[in-house]
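S.K.: The structure under discussion is supplied below as structure tokens; questions concerning it will follow.
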Amino acid sequence: MKNPKKFANELSAWYQQHKRDLPFRTTHEPYHIFLSEMMAQQTQMDTLIPYFNRFIKTFPTIEALANAPTQQVLKAWEGLGYYRRAKYVHESAQAIMNHHDGNFPTDLQALLALKGVGDYTAAAIHSIAFNKPSIAIDGNVARVTARLFAMHDDILKTTTKKKMKTYLEPLMKASEPRIFTQAMMELGALVCQKEPRCASCPLKTHCTAYQTNQQHRLPNRSSLKAKQEETYFVFVIRIGDQVVLRQRPSEGLLANMYEFIQYRSTNLNDGLIQLANDIEGPIKDLKSLGTIKHVFTHKIWHLKVILVDATSTPHKTYHLKTFPYAMSKAHRKIIDLMHE
DNA sequence: AAGCCGGGGGG
DNA sequence: CCCCCAGGCTT
């Protein structure tokens with residue numbers, strides 16, 4: 001980059017003029033920046049905004065969050081996905097109360113020590129909340145940077161991110177840190193998208209990909225692994241006006257989430273045999289509600305949903321309408337199916 | 001370095 | 001329907 005100061009000024013001017021009004025941009029309050037960045041991991045902005053607003057309303061301070069019950073925090077995260085993040089956010093709030101006197105740590109190493117806070121999130125908090133010159137590379141910044149310097153490296157590799165940091169350092173040094181971080185991300189979100197809008201880009205005179213007409217071929221990324229497919233029979237067991245739900249194990253996929261009873265099987269008879277092991281008394285009035293396909297990062301669920309009536313069960317039953325605990329999206333789709 | 005961990009949007 | 005997107009932890 002020939003003129004970092006010019007770059008910084010032009011990027012900053014663009015940002016001030018075009019930045020979106022986002023609920024966590026009304027302040028530099030570290031708790032708000034932290035929460036928004038945790039929610040932003042692997043999640044699109046439009047999805048997280050209502051979650052952010054509800055979360056701050058329910059848990060207005062780090063202290064309120066730290067003192068909240070686990071299931072209430074998980075419920076506030078319900079539908080956002082990657083539920084370990086909810087656990088980490090809760091644990092980090094408790095660590096801040098217990099080890100930092102309730103004050104958000106300002107030191108990069110202390111930020112990295114918080115659960116769920118990695119290189120990206122630590123640098124984002126460090127720069128946005130505390131205006132320190134740490135370089136945060138998320139998917140948006142990686143795309144912008146790959147084009148800016150016409151990098152053909154795989155943007156998912158950690159070595160590529162290190163290389164990007166060395167390229168971005170002079171630009172960060174010439175900038176107001178919190179502006180640089182947010183402006184780079186905003187440019188990626190609004191202009192330097194997968195389909196680049198170079199005509200309205202403030203950086204096109206600095207962009208090597210644009211100058212050499214490679215912007216549509218960048219960035220490079222490695223392809224994803226094939227997903228494993230699994231079929232389950234899900235039994236929605238009605239007892240009066242209640243349904244049977246159970247809680248998943250505390251580790252692994254959808255940890256601690258509630259769900260209808262499901263058994264891995266491609267065959268209804270086999271599913272019913274497994275069900276008969278868990279339920280006492282007759283199982284009757286089987287009615288198929290259809291099949292739900294649910295795609296995770298690394299696997300695909302095919303859920304064959306069967307509505308049944310039973311007279312007794314060793315499981316707990318709940319009213320779905322007032323159910324206070326978190327359920328996965330896959331099983332909330334089943335509730336929708338019941339109302340069709 | 002590779003595998004595990006959800007959900008949403010666009011074509 | 002299929003394809004694309006995207007951080008951190010663990011091993």
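Identifiers in this document derive from the order of the structure tokens: chains are assigned A, B, ..., residues are numbered from 1 separately in each chain, and ligands are numbered from 1 in order of occurrence.
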Pick out the chain A residues within 8 Å of chain C. Count only C-alpha atoms (C1' of nucleotides). Give them as a list in words.

M.R.: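 My answer is Gln41, Gln42, Thr43, Gly116, Val117, Gly118, Tyr120, Asp138 and Gly139 of chain A.
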
S.K.: Taking only C-alpha atoms (C1' of nucleotides) into account, produce a table as a Markdown table in which each residue of chain A with an atom at most 9 Å from an atom of chain B appears once, together with its shortest atom pair and the distance in Å to one decimal, ordered by chain and rising number.

M.R.:
```
| residue | atom | partner | partner_atom | distance |
| --- | --- | --- | --- | --- |
| A:Thr43 | CA | B:DG7 | C1' | 7.9 |
| A:Gln44 | CA | B:DG8 | C1' | 7.6 |
| A:Thr47 | CA | B:DG8 | C1' | 7.5 |
| A:Gly79 | CA | B:DG7 | C1' | 7.4 |
| A:Leu80 | CA | B:DG7 | C1' | 6.7 |
| A:Gly81 | CA | B:DG6 | C1' | 4.0 |
| A:Tyr82 | CA | B:DG6 | C1' | 5.2 |
| A:Tyr83 | CA | B:DG6 | C1' | 7.9 |
| A:Arg84 | CA | B:DC5 | C1' | 7.8 |
| A:Gly252 | CA | B:DC5 | C1' | 7.8 |
| A:Leu253 | CA | B:DC5 | C1' | 6.6 |
| A:Leu254 | CA | B:DC5 | C1' | 8.3 |
| A:Val295 | CA | B:DG6 | C1' | 8.1 |
| A:Phe296 | CA | B:DG6 | C1' | 5.7 |
| A:Thr297 | CA | B:DG6 | C1' | 6.9 |
| A:His298 | CA | B:DC4 | C1' | 7.8 |
| A:Ser328 | CA | B:DG6 | C1' | 8.6 |
| A:Lys329 | CA | B:DG7 | C1' | 7.9 |
```

S.K.: Return as a ChimeraX atom specification the full set of residues in segment 16-126 of chain A whose backbone-based DSSP assignment is helix (DSSP H, G or I).

M.R.: /A:16-18,23-25,30-40,45-58,62-66,70-77,84-99,108-112,119-126

S.K.: Give me, as an MDAnalysis selection string, all polymer residues having an atom no more than 8 Å from segment 197-203 of chain A, counting only C-alpha atoms (C1' of nucleotides) and skipping those fewer than 6 positions away in the same chain.

M.R.: chainID A and resid 7 10:11 14 191 210

S.K.: Atoms to include: N, CA, C and O atoms. Write the selected residues as an mmCIF file, in the first residue's frame.

M.R.:
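Final file, result31.cif:
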```cif
data_model
loop_
_atom_site.group_PDB
_atom_site.id
_atom_site.type_symbol
_atom_site.label_atom_id
_atom_site.label_comp_id
_atom_site.auth_asym_id
_atom_site.auth_seq_id
_atom_site.Cartn_x
_atom_site.Cartn_y
_atom_site.Cartn_z
ATOM 1 N N PHE A 7 -5.386 6.085 2.461
ATOM 2 C CA PHE A 7 -6.291 4.936 2.579
ATOM 3 C C PHE A 7 -7.158 5.081 3.824
ATOM 4 O O PHE A 7 -8.384 4.961 3.774
ATOM 5 N N GLU A 10 -9.789 7.858 3.576
ATOM 6 C CA GLU A 10 -10.887 7.565 2.654
ATOM 7 C C GLU A 10 -11.820 6.492 3.210
ATOM 8 O O GLU A 10 -13.041 6.575 3.086
ATOM 9 N N LEU A 11 -11.205 5.486 3.840
ATOM 10 C CA LEU A 11 -12.023 4.433 4.454
ATOM 11 C C LEU A 11 -12.872 5.007 5.583
ATOM 12 O O LEU A 11 -14.071 4.722 5.690
ATOM 13 N N TRP A 14 -15.755 7.135 4.277
ATOM 14 C CA TRP A 14 -16.830 6.276 3.761
ATOM 15 C C TRP A 14 -17.650 5.690 4.908
ATOM 16 O O TRP A 14 -18.885 5.688 4.881
ATOM 17 N N VAL A 191 -20.281 -3.501 0.620
ATOM 18 C CA VAL A 191 -19.741 -3.195 -0.711
ATOM 19 C C VAL A 191 -18.903 -4.352 -1.270
ATOM 20 O O VAL A 191 -19.183 -4.881 -2.346
ATOM 21 N N TYR A 210 -9.000 -5.087 -8.032
ATOM 22 C CA TYR A 210 -9.786 -4.254 -8.941
ATOM 23 C C TYR A 210 -8.924 -3.755 -10.093
ATOM 24 O O TYR A 210 -9.345 -3.801 -11.262
#
```

S.K.: Rank A:Glu78, A:Glu195, A:Glu29, A:Asp154 by their smallest atom-to-atom distance to Asn256 of chain A, using only C-alpha atoms, and report the top residue only.

M.R.: A:Glu78

S.K.: Please give the complete set of residues from segment 61-276 of chain A that DSSP, run on the backbone, assigns to strand (DSSP E), formatted as a list in words.

M.R.: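 Output for segment 61-276 of chain A, strand (DSSP E) only: Gln228, Glu229, Glu230, Thr231, Tyr232, Phe233, Val234, Phe235, Val236, Ile237, Arg238, Ile239, Gln242, Val243, Val244, Arg246, Gln247, Tyr258, Glu259, Ile261, Gln262, Tyr263 and Arg264 of chain A.
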